[in-house]
>>> print(open('query-v3.txt').read())   # compact mmCIF, C-alpha atoms (C1' of nucleotides)
# COMPACT_ATOMS: atom_id res chain seq x y z
CA MET A 1 -111.01 -21.87 102.75
CA LYS A 2 -107.36 -22.90 102.75
CA TYR A 3 -104.10 -21.02 102.48
CA TRP A 4 -101.04 -21.99 100.44
CA LEU A 5 -97.60 -20.93 99.36
CA LEU A 6 -96.27 -21.28 95.81
CA LYS A 7 -92.58 -20.99 95.06
CA SER A 8 -91.23 -19.50 91.88
CA GLU A 9 -87.84 -18.34 90.74
CA PRO A 10 -88.26 -14.66 89.90
CA ASP A 11 -85.94 -14.99 86.89
CA SER A 12 -88.26 -17.52 85.28
CA PHE A 13 -91.71 -16.35 86.43
CA ASN A 14 -92.32 -13.48 88.83
CA ILE A 15 -95.42 -11.82 90.17
CA GLU A 16 -95.23 -9.08 87.53
CA ASP A 17 -95.35 -11.80 84.87
CA LEU A 18 -98.51 -13.08 86.52
CA LYS A 19 -99.99 -9.60 86.66
CA ASN A 20 -99.25 -9.13 82.95
CA SER A 21 -100.67 -12.51 81.91
CA PRO A 22 -104.01 -12.67 80.07
CA GLY A 23 -106.72 -12.33 82.72
CA GLN A 24 -103.91 -11.77 85.24
CA SER A 25 -103.97 -15.54 85.68
CA THR A 26 -101.95 -18.61 84.81
CA LEU A 27 -101.99 -22.38 85.11
CA TRP A 28 -99.46 -23.50 87.72
CA GLU A 29 -97.66 -25.99 85.49
CA GLY A 30 -94.58 -28.11 85.65
CA VAL A 31 -94.54 -29.36 89.23
CA ARG A 32 -93.21 -32.93 89.22
CA ASN A 33 -93.02 -33.87 92.86
CA TYR A 34 -95.61 -36.15 94.40
CA GLN A 35 -96.04 -34.35 97.67
CA ALA A 36 -96.44 -31.03 95.87
CA ARG A 37 -98.83 -32.74 93.46
CA ASN A 38 -101.09 -33.73 96.31
CA TYR A 39 -101.17 -30.19 97.57
CA LEU A 40 -101.90 -28.85 94.08
CA LEU A 41 -104.86 -31.24 93.90
CA ALA A 42 -106.07 -30.01 97.27
CA MET A 43 -106.11 -26.38 96.12
CA LYS A 44 -109.73 -25.38 95.66
CA LYS A 45 -111.43 -22.41 94.07
CA ASN A 46 -111.32 -19.31 96.33
CA ASP A 47 -108.31 -20.58 98.27
CA LEU A 48 -105.53 -18.01 98.61
CA ALA A 49 -101.80 -18.51 98.05
CA PHE A 50 -98.69 -16.51 98.82
CA PHE A 51 -96.25 -15.99 95.95
CA TYR A 52 -92.72 -16.77 97.13
CA TYR A 53 -89.41 -16.02 95.41
CA SER A 54 -86.87 -18.82 95.72
CA ASN A 55 -83.33 -19.32 94.49
CA CYS A 56 -82.59 -15.61 94.29
CA LYS A 57 -80.77 -12.84 96.11
CA GLU A 58 -83.44 -12.22 98.69
CA PRO A 59 -85.91 -15.09 99.08
CA ALA A 60 -89.23 -13.56 100.18
CA ILE A 61 -92.99 -13.67 100.08
CA VAL A 62 -93.94 -10.94 97.64
CA GLY A 63 -97.71 -11.06 97.20
CA ILE A 64 -101.01 -12.88 97.08
CA THR A 65 -102.82 -14.95 94.46
CA GLU A 66 -106.20 -16.65 94.40
CA VAL A 67 -107.18 -20.06 93.07
CA ILE A 68 -109.83 -19.55 90.36
CA ALA A 69 -109.95 -23.08 88.90
CA GLU A 70 -108.85 -26.43 90.25
CA ALA A 71 -107.38 -29.76 89.14
CA ILE A 72 -106.91 -29.15 85.41
CA ALA A 73 -104.79 -31.84 83.71
CA ASP A 74 -101.29 -30.43 83.14
CA ALA A 75 -100.93 -30.10 79.36
CA THR A 76 -97.12 -30.31 79.47
CA GLN A 77 -97.22 -33.94 80.67
CA PHE A 78 -98.56 -35.03 77.23
CA ASP A 79 -96.08 -33.01 75.16
CA PRO A 80 -92.97 -35.01 74.17
CA ARG A 81 -91.12 -31.76 73.44
CA SER A 82 -91.76 -30.36 76.89
CA LYS A 83 -89.21 -30.83 79.62
CA TYR A 84 -92.15 -31.75 81.83
CA PHE A 85 -93.22 -34.58 79.50
CA ASP A 86 -94.29 -37.69 81.42
CA PRO A 87 -94.38 -40.84 79.27
CA LYS A 88 -96.50 -42.62 81.87
CA ALA A 89 -99.31 -40.09 81.72
CA THR A 90 -102.25 -40.61 79.38
CA ILE A 91 -105.21 -38.40 78.48
CA GLU A 92 -107.49 -40.89 80.24
CA LYS A 93 -105.24 -41.08 83.28
CA PRO A 94 -103.32 -37.87 83.78
CA ARG A 95 -100.78 -37.87 86.59
CA TRP A 96 -100.29 -34.14 87.06
CA PHE A 97 -102.81 -31.38 87.63
CA ASN A 98 -102.76 -27.59 87.77
CA PRO A 99 -104.78 -25.02 89.60
CA ARG A 100 -105.35 -21.74 87.78
CA ILE A 101 -104.26 -18.85 89.92
CA LYS A 102 -105.03 -15.16 89.62
CA PHE A 103 -103.05 -12.13 90.68
CA ILE A 104 -104.50 -10.37 93.73
CA GLN A 105 -101.78 -8.05 94.99
CA THR A 106 -98.07 -7.37 95.22
CA PHE A 107 -97.00 -6.41 98.73
CA LYS A 108 -95.62 -2.91 99.08
CA LYS A 109 -93.29 -4.47 101.61
CA SER A 110 -92.29 -8.04 100.80
CA VAL A 111 -91.57 -10.39 103.69
CA PRO A 112 -88.05 -11.84 103.49
CA ARG A 113 -87.16 -15.33 104.58
CA GLY A 114 -84.97 -13.87 107.32
CA VAL A 115 -87.97 -12.17 108.92
CA LEU A 116 -90.01 -15.36 108.68
CA LYS A 117 -87.23 -17.17 110.52
CA GLU A 118 -87.50 -14.71 113.38
CA VAL A 119 -91.26 -14.36 113.55
CA LEU A 120 -92.60 -17.73 112.38
CA PRO A 121 -89.77 -20.21 112.95
CA ASP A 122 -92.12 -23.19 112.69
CA MET A 123 -93.24 -22.46 109.14
CA LEU A 124 -93.01 -25.44 106.82
CA LEU A 125 -91.14 -23.23 104.37
CA LEU A 126 -88.16 -23.16 106.72
CA SER A 127 -87.83 -26.91 107.11
CA LYS A 128 -89.23 -28.43 103.90
CA THR A 129 -86.65 -26.84 101.67
CA ARG A 130 -87.53 -28.64 98.49
CA LEU A 131 -91.29 -28.53 98.53
CA SER A 132 -92.52 -26.00 95.97
CA VAL A 133 -96.19 -26.07 97.01
CA GLN A 134 -97.07 -25.98 100.67
CA PRO A 135 -99.95 -25.33 103.02
CA VAL A 136 -99.89 -22.23 105.23
CA GLN A 137 -101.60 -22.07 108.61
CA LYS A 138 -104.25 -19.43 109.15
CA HIS A 139 -102.32 -17.73 111.94
CA GLU A 140 -99.25 -17.64 109.69
CA TRP A 141 -101.32 -16.15 106.90
CA ILE A 142 -102.62 -13.39 109.14
CA GLN A 143 -99.23 -12.66 110.66
CA ILE A 144 -97.49 -12.46 107.29
CA GLN A 145 -100.06 -10.03 105.93
CA ARG A 146 -99.48 -7.92 109.01
CA LEU A 147 -95.71 -8.02 108.39
CA ALA A 148 -96.35 -6.98 104.78
CA GLY A 149 -98.37 -3.99 105.96
CA VAL A 150 -101.55 -5.15 104.24
CA LYS A 151 -104.67 -3.21 105.15
CA ASN A 152 -108.09 -4.80 104.82
CA ALA A 153 -106.44 -8.18 105.12
CA LYS A 154 -108.47 -11.26 104.35
C1' DG B 1 -70.33 -21.18 93.33
C1' DC B 2 -70.75 -24.42 97.12
C1' DC B 3 -72.94 -27.91 99.16
C1' DA B 4 -76.61 -29.97 102.32
C1' DA B 5 -80.95 -31.96 101.98
C1' DC B 6 -83.57 -35.01 99.87
C1' DG B 7 -86.33 -37.08 96.04
C1' DT B 8 -85.74 -40.42 92.17
C1' DT B 9 -83.73 -44.10 89.52
C1' DG B 10 -82.23 -48.51 88.63
C1' DG B 11 -79.24 -52.62 89.56
C1' DC B 12 -79.29 -56.45 92.29
C1' DG C 1 -87.44 -54.12 98.54
C1' DC C 2 -82.86 -52.20 99.53
C1' DC C 3 -79.77 -48.84 98.84
C1' DA C 4 -76.01 -46.56 96.18
C1' DA C 5 -75.63 -43.31 92.72
C1' DC C 6 -77.31 -39.51 90.84
C1' DG C 7 -79.83 -35.18 90.00
C1' DT C 8 -82.21 -31.13 91.69
C1' DT C 9 -83.50 -27.58 94.86
C1' DG C 10 -82.47 -23.65 96.95
C1' DG C 11 -80.21 -21.15 100.97
C1' DC C 12 -76.13 -19.05 101.88
>>> encode(input="query-v3.txt", output="C-alpha cells")
Amino acid sequence: MKYWLLKSEPDSFNIEDLKNSPGQSTLWEGVRNYQARNYLLAMKKNDLAFFYYSNCKEPAIVGITEVIAEAIADATQFDPRSKYFDPKATIEKPRWFNPRIKFIQTFKKSVPRGVLKEVLPDMLLLSKTRLSVQPVQKHEWIQIQRLAGVKNAK
DNA sequence: GCCAACGTTGGC
DNA sequence: GCCAACGTTGGC
C-alpha cells in the first residue's frame, strides 16, 4: 500500500465538500501536470492520501482520504467547454486519468505547514512547491498522524 | 498583493 | 533542440 498527498485550495474544494459529496467520494479531476499525472496513475485502490490545503491563510494537512477506484479517464479533457479541455486527448487515447477518492476523516488537529517544516524538513511538500500530487513516505505518514493526534492510526 | 520557482509554449 | 517569454502555483 502506498501513501500520497493531494493539494486543494479550500475555497474551491475542501474536505467538507468531499464529506458532503455523494458517497463521500469524488473523482480527482483537473490535474494538468505530467509529473502529477504519473503519480495519479500510480494511485491504486486502498492507497491512502492526505488532504492538504494550499494557497490559503494557513496551509495544512487536514485529513485523510482513501483511493477507491483507479485510473479513470478524466471526463473534463474531452469537454470543449471545460477549462481542463485537452484538444490532443481522444476517447481511444486519453491523456489524463483520475483516481476516485473517499473521505475517511478530518483531523481534530490539522497539521500546519510550519510544523511540518520543523518536524519533517525533508518532505517533498516543502521543496516541490508546484506539485499538486505527491508521494508520502511511510515514516512521514505515521509521524503526521501522530502530530494530528489520530488514535488507531493506520 | 508580491514575487520566486518552475512548467509550458512557440519562434527560430 | 534551445531558450526567451509567458503563465501559474502557492508561500509569505
>>> residues_around(input="query-v3.txt", residues="region 62-73 of chain A", least_positions_apart="2", cutoff="9 Å", atoms="all atoms listed in the file", output="MDAnalysis selection string")
chainID A and resid 15 25 27 40:53 60 75:77 91 94:112 148
>>> atom_distance(input="query-v3.txt", atom1="CA of Asn33 (chain A)", atom2="C1' of DT9 (chain C)")
11.6 Å
>>> interface_residues(input="query-v3.txt", of="chain B", to="chain A", cutoff="9 Å", atoms="only C-alpha atoms (C1' of nucleotides)", output="ChimeraX atom specification")
/B:5-7
>>> atom_distance(input="query-v3.txt", atom1="CA of Ser8 (chain A)", atom2="CA of Asn55 (chain A)")
8.3 Å
>>> residues_around(input="query-v3.txt", residues="DG11 (chain B)", least_positions_apart="5", cutoff="12 Å", atoms="all atoms listed in the file", output="ChimeraX atom specification")
/C:2-5
>>> closest_residue(input="query-v3.txt", among="A:Val31, A:Leu125, A:Ala36, A:Leu120", to="His139 (chain A)", atoms="all atoms listed in the file")
A:Leu120
>>> atom_distance(input="query-v3.txt", atom1="CA of Asn38 (chain A)", atom2="CA of Val136 (chain A)")
14.6 Å
>>> axis_aligned_box(input="query-v3.txt", around="chain B", padding_each_side="5 Å", output="JSON")
{"center_x": -78.3, "center_y": -38.8, "center_z": 95.5, "size_x": 26.0, "size_y": 45.3, "size_z": 23.7}
>>> closest_residue(input="query-v3.txt", among="A:Ile142, A:Ala153, A:Leu18, A:Leu131", to="DG10 (chain C)", atoms="all atoms listed in the file")
A:Leu131
>>> decode(input="query-v3.txt", residues="region 123-147 of chain A", atoms="N, CA, C and O atoms", output="PDB file, in the first residue's frame")
ATOM      1  N   MET A 123      10.369  16.583   3.764  1.00  0.00           N
ATOM      2  CA  MET A 123       9.169  16.242   2.982  1.00  0.00           C
ATOM      3  C   MET A 123       9.195  16.905   1.612  1.00  0.00           C
ATOM      4  O   MET A 123       9.529  18.076   1.480  1.00  0.00           O
ATOM      5  N   LEU A 124       8.748  16.149   0.617  1.00  0.00           N
ATOM      6  CA  LEU A 124       8.677  16.650  -0.748  1.00  0.00           C
ATOM      7  C   LEU A 124       7.833  17.926  -0.820  1.00  0.00           C
ATOM      8  O   LEU A 124       8.128  18.856  -1.576  1.00  0.00           O
ATOM      9  N   LEU A 125       6.795  17.944  -0.022  1.00  0.00           N
ATOM     10  CA  LEU A 125       5.880  19.090   0.015  1.00  0.00           C
ATOM     11  C   LEU A 125       6.604  20.419   0.206  1.00  0.00           C
ATOM     12  O   LEU A 125       6.185  21.454  -0.293  1.00  0.00           O
ATOM     13  N   LEU A 126       7.726  20.371   0.941  1.00  0.00           N
ATOM     14  CA  LEU A 126       8.423  21.610   1.289  1.00  0.00           C
ATOM     15  C   LEU A 126       9.397  22.067   0.214  1.00  0.00           C
ATOM     16  O   LEU A 126       9.835  23.202   0.216  1.00  0.00           O
ATOM     17  N   SER A 127       9.716  21.174  -0.719  1.00  0.00           N
ATOM     18  CA  SER A 127      10.638  21.570  -1.787  1.00  0.00           C
ATOM     19  C   SER A 127       9.959  21.633  -3.154  1.00  0.00           C
ATOM     20  O   SER A 127      10.228  22.524  -3.950  1.00  0.00           O
ATOM     21  N   LYS A 128       9.063  20.688  -3.416  1.00  0.00           N
ATOM     22  CA  LYS A 128       8.368  20.653  -4.709  1.00  0.00           C
ATOM     23  C   LYS A 128       7.102  21.499  -4.607  1.00  0.00           C
ATOM     24  O   LYS A 128       5.993  20.986  -4.500  1.00  0.00           O
ATOM     25  N   THR A 129       7.306  22.806  -4.686  1.00  0.00           N
ATOM     26  CA  THR A 129       6.193  23.704  -4.364  1.00  0.00           C
ATOM     27  C   THR A 129       5.026  23.606  -5.330  1.00  0.00           C
ATOM     28  O   THR A 129       3.907  23.915  -4.971  1.00  0.00           O
ATOM     29  N   ARG A 130       5.278  23.189  -6.547  1.00  0.00           N
ATOM     30  CA  ARG A 130       4.188  23.270  -7.515  1.00  0.00           C
ATOM     31  C   ARG A 130       3.585  21.939  -7.890  1.00  0.00           C
ATOM     32  O   ARG A 130       2.821  21.842  -8.838  1.00  0.00           O
ATOM     33  N   LEU A 131       3.937  20.912  -7.162  1.00  0.00           N
ATOM     34  CA  LEU A 131       3.437  19.583  -7.469  1.00  0.00           C
ATOM     35  C   LEU A 131       2.199  19.279  -6.620  1.00  0.00           C
ATOM     36  O   LEU A 131       2.281  19.213  -5.401  1.00  0.00           O
ATOM     37  N   SER A 132       1.052  19.101  -7.296  1.00  0.00           N
ATOM     38  CA  SER A 132      -0.208  19.026  -6.550  1.00  0.00           C
ATOM     39  C   SER A 132      -0.579  17.611  -6.123  1.00  0.00           C
ATOM     40  O   SER A 132      -1.545  17.419  -5.394  1.00  0.00           O
ATOM     41  N   VAL A 133       0.189  16.625  -6.610  1.00  0.00           N
ATOM     42  CA  VAL A 133       0.003  15.235  -6.172  1.00  0.00           C
ATOM     43  C   VAL A 133       1.379  14.686  -5.865  1.00  0.00           C
ATOM     44  O   VAL A 133       2.255  14.732  -6.726  1.00  0.00           O
ATOM     45  N   GLN A 134       1.594  14.214  -4.664  1.00  0.00           N
ATOM     46  CA  GLN A 134       2.912  13.727  -4.318  1.00  0.00           C
ATOM     47  C   GLN A 134       2.884  12.501  -3.427  1.00  0.00           C
ATOM     48  O   GLN A 134       1.943  12.298  -2.674  1.00  0.00           O
ATOM     49  N   PRO A 135       3.942  11.689  -3.545  1.00  0.00           N
ATOM     50  CA  PRO A 135       4.042  10.532  -2.658  1.00  0.00           C
ATOM     51  C   PRO A 135       4.471  10.961  -1.265  1.00  0.00           C
ATOM     52  O   PRO A 135       5.138  11.980  -1.104  1.00  0.00           O
ATOM     53  N   VAL A 136       4.064  10.195  -0.261  1.00  0.00           N
ATOM     54  CA  VAL A 136       4.439  10.438   1.131  1.00  0.00           C
ATOM     55  C   VAL A 136       5.102   9.158   1.640  1.00  0.00           C
ATOM     56  O   VAL A 136       4.614   8.059   1.386  1.00  0.00           O
ATOM     57  N   GLN A 137       6.213   9.325   2.333  1.00  0.00           N
ATOM     58  CA  GLN A 137       6.912   8.167   2.891  1.00  0.00           C
ATOM     59  C   GLN A 137       6.132   7.611   4.070  1.00  0.00           C
ATOM     60  O   GLN A 137       5.464   8.357   4.787  1.00  0.00           O
ATOM     61  N   LYS A 138       6.310   6.313   4.308  1.00  0.00           N
ATOM     62  CA  LYS A 138       5.580   5.677   5.404  1.00  0.00           C
ATOM     63  C   LYS A 138       5.901   6.326   6.760  1.00  0.00           C
ATOM     64  O   LYS A 138       5.006   6.580   7.557  1.00  0.00           O
ATOM     65  N   HIS A 139       7.170   6.616   6.989  1.00  0.00           N
ATOM     66  CA  HIS A 139       7.510   7.204   8.293  1.00  0.00           C
ATOM     67  C   HIS A 139       6.908   8.605   8.432  1.00  0.00           C
ATOM     68  O   HIS A 139       6.523   9.022   9.521  1.00  0.00           O
ATOM     69  N   GLU A 140       6.789   9.304   7.289  1.00  0.00           N
ATOM     70  CA  GLU A 140       6.139  10.620   7.323  1.00  0.00           C
ATOM     71  C   GLU A 140       4.653  10.464   7.638  1.00  0.00           C
ATOM     72  O   GLU A 140       4.084  11.223   8.425  1.00  0.00           O
ATOM     73  N   TRP A 141       4.057   9.478   7.007  1.00  0.00           N
ATOM     74  CA  TRP A 141       2.630   9.206   7.212  1.00  0.00           C
ATOM     75  C   TRP A 141       2.341   8.963   8.700  1.00  0.00           C
ATOM     76  O   TRP A 141       1.435   9.545   9.286  1.00  0.00           O
ATOM     77  N   ILE A 142       3.160   8.114   9.278  1.00  0.00           N
ATOM     78  CA  ILE A 142       2.962   7.746  10.690  1.00  0.00           C
ATOM     79  C   ILE A 142       3.164   8.960  11.594  1.00  0.00           C
ATOM     80  O   ILE A 142       2.357   9.253  12.479  1.00  0.00           O
ATOM     81  N   GLN A 143       4.229   9.698  11.320  1.00  0.00           N
ATOM     82  CA  GLN A 143       4.554  10.860  12.143  1.00  0.00           C
ATOM     83  C   GLN A 143       3.461  11.932  12.073  1.00  0.00           C
ATOM     84  O   GLN A 143       3.093  12.533  13.078  1.00  0.00           O
ATOM     85  N   ILE A 144       2.938  12.143  10.878  1.00  0.00           N
ATOM     86  CA  ILE A 144       1.917  13.181  10.693  1.00  0.00           C
ATOM     87  C   ILE A 144       0.622  12.801  11.407  1.00  0.00           C
ATOM     88  O   ILE A 144      -0.020  13.649  12.037  1.00  0.00           O
ATOM     89  N   GLN A 145       0.274  11.525  11.351  1.00  0.00           N
ATOM     90  CA  GLN A 145      -0.917  11.092  12.098  1.00  0.00           C
ATOM     91  C   GLN A 145      -0.729  11.305  13.586  1.00  0.00           C
ATOM     92  O   GLN A 145      -1.654  11.671  14.305  1.00  0.00           O
ATOM     93  N   ARG A 146       0.489  11.062  14.038  1.00  0.00           N
ATOM     94  CA  ARG A 146       0.799  11.277  15.452  1.00  0.00           C
ATOM     95  C   ARG A 146       0.629  12.758  15.799  1.00  0.00           C
ATOM     96  O   ARG A 146       0.014  13.116  16.801  1.00  0.00           O
ATOM     97  N   LEU A 147       1.160  13.625  14.914  1.00  0.00           N
ATOM     98  CA  LEU A 147       1.041  15.070  15.143  1.00  0.00           C
ATOM     99  C   LEU A 147      -0.419  15.508  15.149  1.00  0.00           C
ATOM    100  O   LEU A 147      -0.804  16.463  15.825  1.00  0.00           O
TER     101      LEU A 147
END
